[in-house]
$ cat structure.csv   # CSV, C-alpha atoms and all ligand atoms
chain,number,residue,atom,x,y,z
A,1,MET,CA,-8.1,14.7,28.7
A,2,ALA,CA,-7.6,16.0,25.1
A,3,SER,CA,-10.6,15.7,22.7
A,4,VAL,CA,-10.7,12.7,20.3
A,5,PRO,CA,-10.5,13.7,16.6
A,6,GLY,CA,-13.6,13.2,14.5
A,7,GLN,CA,-12.1,11.0,11.7
A,8,ARG,CA,-11.0,7.5,12.3
A,9,VAL,CA,-8.4,5.2,10.6
A,10,ALA,CA,-8.5,1.5,11.6
A,11,VAL,CA,-5.4,-0.6,11.2
A,12,ILE,CA,-6.3,-4.3,11.0
A,13,GLY,CA,-3.2,-6.3,11.8
A,14,GLY,CA,-2.0,-3.4,13.8
A,15,GLY,CA,-0.4,-5.8,16.3
A,16,GLY,CA,2.3,-6.6,13.7
A,17,ASN,CA,5.2,-4.6,12.3
A,18,VAL,CA,3.6,-3.1,9.2
A,19,GLY,CA,0.4,-2.2,11.0
A,20,ALA,CA,2.2,-0.6,14.0
A,21,SER,CA,4.5,1.3,11.6
A,22,THR,CA,1.4,2.6,9.7
A,23,ALA,CA,-0.3,3.6,13.0
A,24,PHE,CA,2.9,5.3,14.3
A,25,ALA,CA,3.3,7.2,11.0
A,26,LEU,CA,-0.3,8.5,11.1
A,27,ILE,CA,0.4,9.9,14.5
A,28,ALA,CA,3.9,11.2,13.7
A,29,LYS,CA,2.7,13.0,10.6
A,30,GLY,CA,0.5,15.1,12.8
A,31,ILE,CA,-2.8,13.9,11.2
A,32,PRO,CA,-5.8,14.8,13.5
A,33,VAL,CA,-7.2,11.3,13.5
A,34,GLU,CA,-8.2,8.6,15.9
A,35,VAL,CA,-6.2,5.5,15.1
A,36,LEU,CA,-7.9,2.1,16.0
A,37,ILE,CA,-5.6,-0.9,16.4
A,38,VAL,CA,-7.2,-4.2,15.7
A,39,ASP,CA,-5.5,-7.6,15.6
A,40,VAL,CA,-6.5,-11.3,16.0
A,41,SER,CA,-3.8,-11.2,18.7
A,42,GLU,CA,-5.5,-8.9,21.2
A,43,LYS,CA,-2.4,-8.7,23.4
A,44,ALA,CA,-0.3,-7.6,20.5
A,45,ALA,CA,-2.9,-4.9,19.5
A,46,LEU,CA,-3.0,-3.7,23.1
A,47,GLY,CA,0.7,-3.4,23.4
A,48,GLN,CA,1.1,-1.5,20.1
A,49,ALA,CA,-1.8,0.8,21.0
A,50,LEU,CA,-0.4,1.6,24.4
A,51,ASP,CA,3.1,2.2,23.0
A,52,ILE,CA,1.9,4.4,20.1
A,53,SER,CA,-0.4,6.4,22.4
A,54,ASP,CA,2.7,7.4,24.3
A,55,ALA,CA,3.9,9.1,21.1
A,56,SER,CA,0.6,11.0,20.7
A,57,PHE,CA,0.6,13.3,23.7
A,58,MET,CA,2.2,16.2,21.7
A,59,MET,CA,0.3,15.4,18.5
A,60,PRO,CA,-3.3,16.0,17.3
A,61,GLY,CA,-3.9,12.3,16.7
A,62,THR,CA,-4.9,9.6,19.3
A,63,CYS,CA,-4.4,5.8,19.3
A,64,ARG,CA,-6.3,3.0,21.0
A,65,GLN,CA,-7.1,-0.7,20.7
A,66,ALA,CA,-10.5,-1.5,19.1
A,67,THR,CA,-12.8,-4.3,18.0
A,68,PHE,CA,-13.5,-5.4,14.4
A,69,LYS,CA,-17.0,-4.0,14.7
A,70,GLU,CA,-15.7,-0.5,15.6
A,71,ALA,CA,-13.1,-0.8,12.8
A,72,GLY,CA,-16.0,-1.4,10.3
A,73,GLN,CA,-17.3,2.1,11.0
A,74,ALA,CA,-13.9,3.8,10.4
A,75,ASP,CA,-13.4,6.3,7.6
A,76,VAL,CA,-10.3,4.5,6.3
A,77,ILE,CA,-9.6,0.8,7.0
A,78,VAL,CA,-6.0,-0.2,6.4
A,79,VAL,CA,-5.4,-3.9,6.2
A,80,THR,CA,-1.9,-5.2,7.1
A,81,ALA,CA,-3.0,-8.5,8.6
A,82,GLY,CA,-1.5,-11.7,7.2
A,83,ALA,CA,1.5,-13.9,6.6
A,84,ARG,CA,4.6,-12.2,5.5
A,85,GLN,CA,7.4,-13.3,3.1
A,86,MET,CA,10.2,-15.5,4.3
A,87,PRO,CA,13.7,-14.8,2.9
A,88,ASP,CA,13.7,-15.4,-0.9
A,89,GLU,CA,9.9,-16.2,-0.9
A,90,PRO,CA,8.0,-14.4,-3.7
A,91,ARG,CA,5.0,-12.4,-2.6
A,92,SER,CA,2.7,-14.5,-4.8
A,93,ASN,CA,3.4,-17.5,-2.5
A,94,LEU,CA,1.4,-15.8,0.3
A,95,ILE,CA,-1.9,-15.9,-1.5
A,96,ASP,CA,-3.6,-19.0,-0.2
A,97,ARG,CA,-2.7,-18.2,3.4
A,98,ASN,CA,-3.8,-14.6,3.1
A,99,TYR,CA,-7.0,-15.2,1.1
A,100,ALA,CA,-8.6,-17.0,4.1
A,101,ILE,CA,-7.4,-14.2,6.5
A,102,ILE,CA,-8.8,-11.4,4.3
A,103,LYS,CA,-12.1,-13.1,3.8
A,104,SER,CA,-12.6,-13.7,7.6
A,105,ILE,CA,-11.6,-10.0,8.3
A,106,MET,CA,-14.2,-8.7,5.9
A,107,ASP,CA,-16.8,-10.8,7.5
A,108,SER,CA,-15.8,-9.6,11.0
A,109,LEU,CA,-15.9,-5.9,10.0
A,110,GLN,CA,-19.6,-6.1,8.8
A,111,PRO,CA,-21.5,-3.9,8.6
A,112,ILE,CA,-18.9,-1.8,6.9
A,113,LYS,CA,-19.6,2.0,6.8
A,114,SER,CA,-20.9,2.7,3.3
A,115,THR,CA,-18.5,5.6,2.8
A,116,ALA,CA,-15.4,3.8,4.2
A,117,LYS,CA,-12.3,3.3,2.0
A,118,ILE,CA,-10.4,0.0,2.4
A,119,LEU,CA,-6.6,0.3,1.9
A,120,MET,CA,-5.0,-3.1,1.4
A,121,VAL,CA,-1.3,-3.5,2.2
A,122,SER,CA,-1.1,-7.3,2.9
A,123,ASN,CA,0.6,-9.2,0.1
A,124,PRO,CA,0.2,-10.1,-2.7
A,125,VAL,CA,-1.5,-6.7,-2.6
A,126,ASP,CA,-2.8,-6.6,-6.2
A,127,VAL,CA,-4.8,-9.9,-5.8
A,128,LEU,CA,-5.8,-9.3,-2.2
A,129,THR,CA,-7.3,-5.9,-3.2
A,130,HIS,CA,-9.5,-7.7,-5.7
A,131,ILE,CA,-10.5,-10.2,-2.9
A,132,ALA,CA,-11.2,-7.4,-0.4
A,133,GLN,CA,-13.5,-5.7,-2.8
A,134,THR,CA,-15.5,-8.8,-3.7
A,135,THR,CA,-15.7,-9.9,0.0
A,136,SER,CA,-16.4,-6.5,1.5
A,137,GLY,CA,-19.2,-5.5,-0.8
A,138,LEU,CA,-17.9,-1.9,-1.1
A,139,PRO,CA,-17.9,-0.3,-4.6
A,140,ARG,CA,-14.7,-0.8,-6.6
A,141,GLU,CA,-13.5,2.8,-6.3
A,142,GLN,CA,-13.6,2.6,-2.5
A,143,VAL,CA,-11.2,-0.4,-2.3
A,144,LEU,CA,-7.5,0.2,-3.2
A,145,GLY,CA,-4.1,-1.1,-2.4
A,146,SER,CA,-0.7,0.4,-1.6
A,147,GLY,CA,0.6,-1.2,-4.8
A,148,THR,CA,3.8,0.1,-6.3
A,149,TYR,CA,3.8,3.4,-4.3
A,150,LEU,CA,6.7,2.1,-2.1
A,151,ASP,CA,8.6,0.7,-5.1
A,152,SER,CA,8.1,4.0,-7.0
A,153,GLY,CA,9.5,5.9,-3.9
A,154,ARG,CA,12.5,3.6,-4.0
A,155,LEU,CA,12.9,4.4,-7.7
A,156,CYS,CA,12.6,8.2,-7.2
A,157,ASN,CA,15.2,8.0,-4.4
A,158,ALA,CA,17.6,6.1,-6.7
A,159,LEU,CA,17.0,8.6,-9.5
A,160,SER,CA,17.5,11.5,-7.0
A,161,ASP,CA,21.0,10.1,-6.1
A,162,ILE,CA,21.9,10.2,-9.8
A,163,THR,CA,20.3,13.5,-11.0
A,164,GLY,CA,20.7,15.6,-7.8
A,165,VAL,CA,16.9,16.5,-8.1
A,166,SER,CA,14.5,16.0,-5.1
A,167,PRO,CA,12.7,12.7,-5.3
A,168,THR,CA,9.4,14.5,-5.0
A,169,SER,CA,10.2,16.4,-8.2
A,170,ILE,CA,10.7,13.2,-10.2
A,171,HIS,CA,7.6,11.8,-11.8
A,172,ALA,CA,8.5,8.1,-12.4
A,173,TYR,CA,6.5,5.0,-11.6
A,174,MET,CA,7.0,1.3,-11.0
A,175,LEU,CA,3.9,-0.2,-12.6
A,176,GLY,CA,1.9,-3.3,-13.2
A,177,GLU,CA,2.3,-5.4,-10.1
A,178,HIS,CA,3.8,-5.0,-6.6
A,179,GLY,CA,5.8,-8.2,-7.1
A,180,ASP,CA,8.2,-9.9,-9.4
A,181,ASN,CA,6.3,-8.7,-12.6
A,182,GLN,CA,6.7,-5.0,-11.8
A,183,PHE,CA,8.5,-2.8,-14.3
A,184,THR,CA,9.6,0.9,-14.7
A,185,GLY,CA,7.6,3.2,-16.9
A,186,TRP,CA,10.7,4.9,-18.2
A,187,SER,CA,9.2,6.3,-21.4
A,188,ALA,CA,6.4,8.1,-19.4
A,189,ALA,CA,8.8,9.4,-16.7
A,190,ARG,CA,9.3,13.2,-16.4
A,191,ILE,CA,11.6,15.6,-14.6
A,192,GLY,CA,11.1,19.4,-14.8
A,193,GLY,CA,8.6,19.0,-17.6
A,194,ARG,CA,11.1,17.0,-19.7
A,195,PRO,CA,11.4,13.3,-20.5
A,196,LEU,CA,13.4,11.8,-17.6
A,197,LEU,CA,15.7,9.9,-19.9
A,198,ASP,CA,16.9,13.1,-21.5
A,199,HIS,CA,18.5,14.2,-18.2
A,200,PRO,CA,22.2,14.7,-18.8
A,201,LYS,CA,23.2,12.7,-15.7
A,202,LEU,CA,21.2,9.7,-16.9
A,203,GLN,CA,23.1,9.3,-20.2
A,204,GLY,CA,25.0,6.0,-20.3
A,205,VAL,CA,23.5,4.8,-17.0
A,206,ASP,CA,22.5,1.2,-16.9
A,207,LEU,CA,18.7,1.4,-16.4
A,208,GLU,CA,18.3,-2.3,-16.1
A,209,SER,CA,20.6,-2.3,-13.0
A,210,ILE,CA,18.3,0.4,-11.4
A,211,ASN,CA,15.3,-1.8,-12.2
A,212,LYS,CA,16.8,-4.8,-10.6
A,213,LYS,CA,18.0,-2.9,-7.5
A,214,ILE,CA,14.5,-1.5,-6.9
A,215,ALA,CA,12.7,-4.8,-7.5
A,216,HIS,CA,15.1,-6.6,-5.2
A,217,LYS,CA,15.2,-4.1,-2.4
A,218,ALA,CA,12.5,-5.8,-0.3
A,219,TYR,CA,14.4,-9.1,-0.5
A,220,ASP,CA,17.6,-7.3,0.6
A,221,ILE,CA,15.8,-5.8,3.7
A,222,ILE,CA,14.1,-9.1,4.6
A,223,ASP,CA,17.5,-10.9,4.3
A,224,ALA,CA,19.1,-8.4,6.6
A,225,LYS,CA,16.4,-7.8,9.3
A,226,GLY,CA,13.6,-10.2,8.7
A,227,SER,CA,10.9,-7.9,7.3
A,228,THR,CA,10.2,-4.5,5.9
A,229,TYR,CA,7.9,-2.0,7.7
A,230,PHE,CA,9.0,1.6,8.1
A,231,GLY,CA,8.8,2.5,4.4
A,232,ILE,CA,5.5,0.9,3.8
A,233,GLY,CA,4.1,2.3,7.0
A,234,MET,CA,4.9,5.8,5.9
A,235,CYS,CA,3.4,5.1,2.4
A,236,ALA,CA,0.2,3.7,3.9
A,237,ALA,CA,-0.2,6.7,6.2
A,238,THR,CA,0.4,9.1,3.4
A,239,ILE,CA,-2.3,7.4,1.2
A,240,ALA,CA,-4.7,7.4,4.2
A,241,GLU,CA,-4.1,11.1,4.7
A,242,ALA,CA,-4.9,11.9,1.0
A,243,LEU,CA,-8.2,9.9,1.4
A,244,LEU,CA,-9.1,11.7,4.6
A,245,ASN,CA,-8.2,15.2,3.4
A,246,ASN,CA,-9.7,14.7,-0.1
A,247,THR,CA,-6.5,15.9,-1.8
A,248,SER,CA,-6.9,14.3,-5.3
A,249,GLN,CA,-3.2,13.5,-5.3
A,250,VAL,CA,-1.9,11.0,-7.8
A,251,PHE,CA,-0.3,7.8,-6.5
A,252,PRO,CA,0.7,4.6,-8.3
A,253,LEU,CA,-1.8,2.4,-6.4
A,254,VAL,CA,-3.7,-0.8,-6.9
A,255,HIS,CA,-7.1,0.1,-8.2
A,256,TYR,CA,-9.5,-1.3,-10.8
A,257,VAL,CA,-8.4,-0.2,-14.2
A,258,GLU,CA,-11.4,-0.4,-16.6
A,259,SER,CA,-9.3,-0.5,-19.8
A,260,PHE,CA,-7.4,-3.6,-18.5
A,261,GLY,CA,-10.3,-5.2,-16.7
A,262,CYS,CA,-8.5,-5.9,-13.4
A,263,TYR,CA,-7.1,-4.5,-10.2
A,264,MET,CA,-3.4,-3.5,-10.7
A,265,SER,CA,-0.8,-1.0,-9.8
A,266,TRP,CA,-1.3,2.1,-11.9
A,267,PRO,CA,-1.5,5.9,-11.4
A,268,GLY,CA,-4.7,7.1,-9.9
A,269,ALA,CA,-6.0,10.3,-8.2
A,270,ILE,CA,-7.6,9.7,-4.8
A,271,GLY,CA,-9.9,11.7,-2.5
A,272,SER,CA,-12.8,11.2,-0.1
A,273,ASP,CA,-14.7,9.1,-2.7
A,274,GLY,CA,-11.8,6.8,-3.1
A,275,VAL,CA,-10.2,6.4,-6.6
A,276,GLU,CA,-11.5,9.4,-8.6
A,277,GLN,CA,-9.4,9.1,-11.8
A,278,SER,CA,-7.2,6.5,-13.5
A,279,PHE,CA,-4.7,7.7,-16.0
A,280,ASP,CA,-3.9,6.4,-19.5
A,281,VAL,CA,-0.1,6.0,-19.4
A,282,LYS,CA,1.6,5.9,-22.7
A,283,LEU,CA,4.3,3.2,-22.7
A,284,ASP,CA,6.7,2.0,-25.4
A,285,ALA,CA,6.5,-1.5,-27.0
A,286,SER,CA,8.8,-3.3,-24.6
A,287,GLU,CA,7.1,-1.7,-21.6
A,288,ASN,CA,3.7,-2.8,-23.0
A,289,GLU,CA,5.0,-6.4,-23.2
A,290,LYS,CA,5.9,-6.3,-19.5
A,291,LEU,CA,2.6,-4.7,-18.7
A,292,TYR,CA,0.7,-7.6,-20.3
A,293,VAL,CA,2.8,-10.1,-18.5
A,294,ALA,CA,1.9,-8.5,-15.2
A,295,ILE,CA,-1.8,-8.2,-16.1
A,296,LYS,CA,-1.9,-11.9,-17.1
A,297,ALA,CA,-0.3,-13.0,-13.8
A,298,ILE,CA,-2.8,-10.9,-11.7
A,299,LYS,CA,-5.8,-12.1,-13.7
A,300,GLU,CA,-4.8,-15.7,-13.5
A,301,ALA,CA,-4.3,-15.4,-9.7
A,302,CYS,CA,-7.7,-13.5,-9.2
A,303,ALA,CA,-9.6,-16.1,-11.4
A,304,LYS,CA,-9.1,-18.7,-8.6
A,305,TYR,CA,-10.8,-16.4,-6.0
A,306,THR,CA,-13.9,-15.2,-7.8
B,1,LIG,N1,2.4,-3.8,0.2
B,1,LIG,C1,3.7,-3.6,0.6
B,1,LIG,O1,4.4,-2.9,0.0
B,1,LIG,C2,4.1,-4.4,1.8
B,1,LIG,C3,5.4,-4.2,2.4
B,1,LIG,C4,5.7,-4.9,3.6
B,1,LIG,C5,4.9,-6.0,4.0
B,1,LIG,N2,3.7,-6.2,3.4
B,1,LIG,C6,2.8,-7.2,3.9
B,1,LIG,O2,2.1,-6.8,5.1
B,1,LIG,C7,1.7,-8.0,5.8
B,1,LIG,C8,2.0,-7.9,7.2
B,1,LIG,O3,3.5,-7.9,7.4
B,1,LIG,P1,4.1,-7.8,8.9
B,1,LIG,O4,5.6,-7.7,8.7
B,1,LIG,O5,3.4,-6.7,9.6
B,1,LIG,O6,3.7,-9.2,9.5
B,1,LIG,P2,3.5,-9.4,11.1
B,1,LIG,O7,3.6,-10.9,11.3
B,1,LIG,O8,4.4,-8.6,11.9
B,1,LIG,O9,2.0,-8.9,11.4
B,1,LIG,C9,0.9,-9.5,10.9
B,1,LIG,C10,-0.2,-9.3,11.9
B,1,LIG,O10,-1.4,-9.8,11.3
B,1,LIG,C11,-2.2,-10.3,12.4
B,1,LIG,N3,-3.3,-11.2,11.9
B,1,LIG,C12,-3.2,-12.4,11.3
B,1,LIG,N4,-4.4,-12.8,11.0
B,1,LIG,C13,-5.3,-11.9,11.4
B,1,LIG,C14,-6.7,-11.7,11.3
B,1,LIG,N5,-7.5,-12.7,10.8
B,1,LIG,N6,-7.2,-10.6,11.8
B,1,LIG,C15,-6.5,-9.6,12.3
B,1,LIG,N7,-5.1,-9.7,12.4
B,1,LIG,C16,-4.5,-10.8,11.9
B,1,LIG,C17,-1.1,-11.1,13.2
B,1,LIG,O11,-1.6,-11.4,14.5
B,1,LIG,C18,0.0,-10.1,13.2
B,1,LIG,O12,0.0,-9.2,14.3
B,1,LIG,C19,2.3,-9.2,5.0
B,1,LIG,O13,1.3,-9.7,4.1
B,1,LIG,C20,3.4,-8.5,4.2
B,1,LIG,O14,3.8,-9.3,3.1
B,1,LIG,C21,3.3,-5.4,2.4

$ encode --input "structure.csv" --output "structure tokens"
Amino acid sequence: MASVPGQRVAVIGGGGNVGASTAFALIAKGIPVEVLIVDVSEKAALGQALDISDASFMMPGTCRQATFKEAGQADVIVVTAGARQMPDEPRSNLIDRNYAIIKSIMDSLQPIKSTAKILMVSNPVDVLTHIAQTTSGLPREQVLGSGTYLDSGRLCNALSDITGVSPTSIHAYMLGEHGDNQFTGWSAARIGGRPLLDHPKLQGVDLESINKKIAHKAYDIIDAKGSTYFGIGMCAATIAEALLNNTSQVFPLVHYVESFGCYMSWPGAIGSDGVEQSFDVKLDASENEKLYVAIKAIKEACAKYT
């Protein structure tokens, strides 16, 4: 039998679609990690772990079902457990259902390894990251959420179609909230060292229609196939990889932003200590208005759960 890798990523809710996609992406990316699948439905966890382990025989990673206690000792704990959106349901509607689930998960994981990083994916991810931090007892910088990384990827894909430049060479972020109050930081976006909006192929393009398309894409996918999971699974695995490998890469993630006094989706550099740096993004007046709407919505929601 092949040896088991030293680093571990636990996926809580791994019996479901997003968790299984995250676990599969960790293996398929070739990360040398032991993936632990945990779910309140032990049968679902077992099924996903057995299936994903079939995909691991030519890869350095391994996958198996595990308990909450084992997951508490993982290096990265990804949380995808919880209720998901119904067609046309805003993410913010999920909060009461998912608050109880997240609190019980943090209790079941105790004692949590002091160096573990918790990556929240369950929605509404900005508020649930705050709740995970307060209920886990880990320091703020070790608790983060996938935030607008997926939305920013959708934005860069759309901009790539227009400009003909690779999405990975476009530095543009959806900001504020992974939800209906997200907005595009157009004025801070860059391509090839130049302001993005100066690109010749963007002249005369209706930016608002791009914004709407990005913000609505999850609803379109849910309407067509019931839920979204491949895109977010790849995003969560990529964030976990950066934490494990201490890469200090910058992602638009949910983390605690001191200057705004709350957890929110904002660019931060991450490594083995969690969130290492948060950036002071310069926005124009209309973007700042949208930012404060998002912050107000997140703070009001978090206030009920402190
Ligand atoms: N952040 C993002 O960009 C993003 C994208 C897509 C989905 N999501 C969110 O991810 C979450 C999961 O979505 P899904 O489609 O995988 O749903 P799903 O119903 O397929 O899976 C959820 C899993 O959570 C498990 N679960 C419920 N309570 C649990 C508990 N107390 N402990 C352990 N496991 C528990 C369920 O048994 C189920 O297997 C939802 O909140 C959804 O909104 C987030």

$ residues_around --input "structure.csv" --residues "Gln7 (chain A)" --least-positions-apart "3" --cutoff "7 Å" --atoms "only C-alpha atoms" --output "PyMOL selection string"
chain A and resi 33-34+75

$ residues_near_ligand --input "structure.csv" --ligand "ligand LIG 1 (chain B)" --cutoff "8 Å" --atoms "only C-alpha atoms and all ligand atoms" --output "MDAnalysis selection string"
chainID A and resid 12:20 38:41 44:45 80:85 91 94 98 101:102 104:105 120:125 145:151 178 218 227:229 231:232

$ residues_around --input "structure.csv" --residues "Asp284 (chain A)" --least-positions-apart "2" --cutoff "9 Å" --atoms "only C-alpha atoms" --output "PyMOL selection string"
chain A and resi 185-188+282+286-289

$ residues_around --input "structure.csv" --residues "Glu141 (chain A)" --least-positions-apart "6" --cutoff "9 Å" --atoms "all atoms listed in the file" --output "count of residues only"
7

$ residues_around --input "structure.csv" --residues "region 208-213 of chain A" --least-positions-apart "4" --cutoff "8 Å" --atoms "only C-alpha atoms" --output "PyMOL selection string"
chain A and resi 155+158+183-184+217

$ write_last_selection --input "structure.csv" --atoms "C-alpha atoms" --output "PDB file, in the coordinates of the input"
ATOM      1  CA  LEU A 155      12.900   4.400  -7.700  1.00  0.00           C
ATOM      2  CA  ALA A 158      17.600   6.100  -6.700  1.00  0.00           C
ATOM      3  CA  PHE A 183       8.500  -2.800 -14.300  1.00  0.00           C
ATOM      4  CA  THR A 184       9.600   0.900 -14.700  1.00  0.00           C
ATOM      5  CA  LYS A 217      15.200  -4.100  -2.400  1.00  0.00           C
TER       6      LYS A 217
END

$ closest_residue --input "structure.csv" --among "A:Arg8, A:Ile95, A:Tyr173, A:Ala215" --to "Gly268 (chain A)" --atoms "only C-alpha atoms"
A:Tyr173

$ closest_residue --input "structure.csv" --among "A:Ile191, A:Ile222, A:Arg154, A:Tyr99" --to "His130 (chain A)" --atoms "all atoms listed in the file"
A:Tyr99

$ atom_distance --input "structure.csv" --atom1 "CA of Ser108 (chain A)" --atom2 "CA of Phe68 (chain A)"
5.9 Å

$ atom_distance --input "structure.csv" --atom1 "CA of Gln133 (chain A)" --atom2 "CA of Asn181 (chain A)"
22.3 Å

$ closest_residue --input "structure.csv" --among "A:Val127, A:Leu243, A:Ala25, A:Ala132" --to "Ala301 (chain A)" --atoms "all atoms listed in the file"
A:Val127

$ closest_residue --input "structure.csv" --among "A:Met264, A:Ala285, A:Ile52, A:Ile298" --to "Leu175 (chain A)" --atoms "only C-alpha atoms"
A:Met264

$ atom_distance --input "structure.csv" --atom1 "CA of Met59 (chain A)" --atom2 "CA of Thr247 (chain A)"
21.4 Å

$ closest_residue --input "structure.csv" --among "A:Asn93, A:Thr62, A:Thr163, A:Thr238" --to "Val78 (chain A)" --atoms "all atoms listed in the file"
A:Thr238

$ residues_around --input "structure.csv" --residues "Gly61 (chain A)" --least-positions-apart "2" --cutoff "12 Å" --atoms "only C-alpha atoms" --output "NGL selection string"
:A and (2-9 or 23-36 or 52-59 or 63-64)

$ decode --input "structure.csv" --residues "region 21-92 of chain A" --atoms "C-alpha atoms" --output "PDB file, in the first residue's frame"
ATOM      1  CA  SER A  21     -16.106  18.380  -5.537  1.00  0.00           C
ATOM      2  CA  THR A  22     -13.568  20.005  -3.202  1.00  0.00           C
ATOM      3  CA  ALA A  23     -12.176  16.618  -2.153  1.00  0.00           C
ATOM      4  CA  PHE A  24     -12.016  15.444  -5.749  1.00  0.00           C
ATOM      5  CA  ALA A  25     -10.269  18.674  -6.840  1.00  0.00           C
ATOM      6  CA  LEU A  26      -7.655  18.260  -4.065  1.00  0.00           C
ATOM      7  CA  ILE A  27      -6.832  14.791  -5.411  1.00  0.00           C
ATOM      8  CA  ALA A  28      -7.056  15.736  -9.113  1.00  0.00           C
ATOM      9  CA  LYS A  29      -4.719  18.737  -8.620  1.00  0.00           C
ATOM     10  CA  GLY A  30      -2.046  16.269  -7.493  1.00  0.00           C
ATOM     11  CA  ILE A  31      -1.652  17.725  -3.993  1.00  0.00           C
ATOM     12  CA  PRO A  32       0.148  15.251  -1.676  1.00  0.00           C
ATOM     13  CA  VAL A  33      -2.460  15.348   1.056  1.00  0.00           C
ATOM     14  CA  GLU A  34      -4.696  12.969   2.991  1.00  0.00           C
ATOM     15  CA  VAL A  35      -8.298  14.082   2.425  1.00  0.00           C
ATOM     16  CA  LEU A  36     -10.704  13.255   5.270  1.00  0.00           C
ATOM     17  CA  ILE A  37     -14.398  13.163   4.378  1.00  0.00           C
ATOM     18  CA  VAL A  38     -16.775  13.904   7.260  1.00  0.00           C
ATOM     19  CA  ASP A  39     -20.549  14.270   7.109  1.00  0.00           C
ATOM     20  CA  VAL A  40     -23.506  13.962   9.463  1.00  0.00           C
ATOM     21  CA  SER A  41     -24.703  11.424   6.906  1.00  0.00           C
ATOM     22  CA  GLU A  42     -22.039   8.754   7.434  1.00  0.00           C
ATOM     23  CA  LYS A  43     -23.330   6.758   4.484  1.00  0.00           C
ATOM     24  CA  ALA A  44     -22.929   9.731   2.112  1.00  0.00           C
ATOM     25  CA  ALA A  45     -19.419  10.387   3.490  1.00  0.00           C
ATOM     26  CA  LEU A  46     -18.440   6.758   2.993  1.00  0.00           C
ATOM     27  CA  GLY A  47     -19.786   6.699  -0.565  1.00  0.00           C
ATOM     28  CA  GLN A  48     -17.931   9.863  -1.598  1.00  0.00           C
ATOM     29  CA  ALA A  49     -14.696   8.734   0.114  1.00  0.00           C
ATOM     30  CA  LEU A  50     -14.765   5.337  -1.580  1.00  0.00           C
ATOM     31  CA  ASP A  51     -15.515   6.869  -4.988  1.00  0.00           C
ATOM     32  CA  ILE A  52     -12.834   9.591  -4.690  1.00  0.00           C
ATOM     33  CA  SER A  53     -10.264   7.064  -3.435  1.00  0.00           C
ATOM     34  CA  ASP A  54     -10.745   5.288  -6.787  1.00  0.00           C
ATOM     35  CA  ALA A  55      -9.481   8.479  -8.456  1.00  0.00           C
ATOM     36  CA  SER A  56      -6.395   8.620  -6.215  1.00  0.00           C
ATOM     37  CA  PHE A  57      -4.423   5.522  -7.259  1.00  0.00           C
ATOM     38  CA  MET A  58      -2.343   7.441  -9.835  1.00  0.00           C
ATOM     39  CA  MET A  59      -2.120  10.557  -7.645  1.00  0.00           C
ATOM     40  CA  PRO A  60      -0.017  11.489  -4.581  1.00  0.00           C
ATOM     41  CA  GLY A  61      -3.092  12.232  -2.443  1.00  0.00           C
ATOM     42  CA  THR A  62      -5.335   9.773  -0.608  1.00  0.00           C
ATOM     43  CA  CYS A  63      -8.949   9.976   0.539  1.00  0.00           C
ATOM     44  CA  ARG A  64     -10.938   8.280   3.325  1.00  0.00           C
ATOM     45  CA  GLN A  65     -13.944   8.775   5.575  1.00  0.00           C
ATOM     46  CA  ALA A  66     -13.150  10.165   9.034  1.00  0.00           C
ATOM     47  CA  THR A  67     -14.730  11.323  12.297  1.00  0.00           C
ATOM     48  CA  PHE A  68     -15.270  14.906  13.496  1.00  0.00           C
ATOM     49  CA  LYS A  69     -12.549  14.357  16.146  1.00  0.00           C
ATOM     50  CA  GLU A  70      -9.994  13.337  13.496  1.00  0.00           C
ATOM     51  CA  ALA A  71     -11.024  16.329  11.378  1.00  0.00           C
ATOM     52  CA  GLY A  72     -10.324  18.650  14.320  1.00  0.00           C
ATOM     53  CA  GLN A  73      -6.638  17.673  14.047  1.00  0.00           C
ATOM     54  CA  ALA A  74      -6.370  18.399  10.285  1.00  0.00           C
ATOM     55  CA  ASP A  75      -4.096  21.156   8.918  1.00  0.00           C
ATOM     56  CA  VAL A  76      -6.929  22.697   6.896  1.00  0.00           C
ATOM     57  CA  ILE A  77     -10.609  22.173   7.733  1.00  0.00           C
ATOM     58  CA  VAL A  78     -12.920  23.015   4.835  1.00  0.00           C
ATOM     59  CA  VAL A  79     -16.573  23.438   5.829  1.00  0.00           C
ATOM     60  CA  THR A  80     -19.151  22.871   3.103  1.00  0.00           C
ATOM     61  CA  ALA A  81     -21.894  21.496   5.340  1.00  0.00           C
ATOM     62  CA  GLY A  82     -25.297  23.056   5.379  1.00  0.00           C
ATOM     63  CA  ALA A  83     -28.448  23.920   3.534  1.00  0.00           C
ATOM     64  CA  ARG A  84     -28.075  25.190  -0.007  1.00  0.00           C
ATOM     65  CA  GLN A  85     -30.061  27.785  -1.996  1.00  0.00           C
ATOM     66  CA  MET A  86     -33.319  26.870  -3.699  1.00  0.00           C
ATOM     67  CA  PRO A  87     -33.997  28.416  -7.143  1.00  0.00           C
ATOM     68  CA  ASP A  88     -34.249  32.250  -6.779  1.00  0.00           C
ATOM     69  CA  GLU A  89     -33.459  32.096  -3.033  1.00  0.00           C
ATOM     70  CA  PRO A  90     -30.845  34.662  -1.880  1.00  0.00           C
ATOM     71  CA  ARG A  91     -27.840  33.263   0.025  1.00  0.00           C
ATOM     72  CA  SER A  92     -28.711  35.454   3.025  1.00  0.00           C
TER      73      SER A  92
END
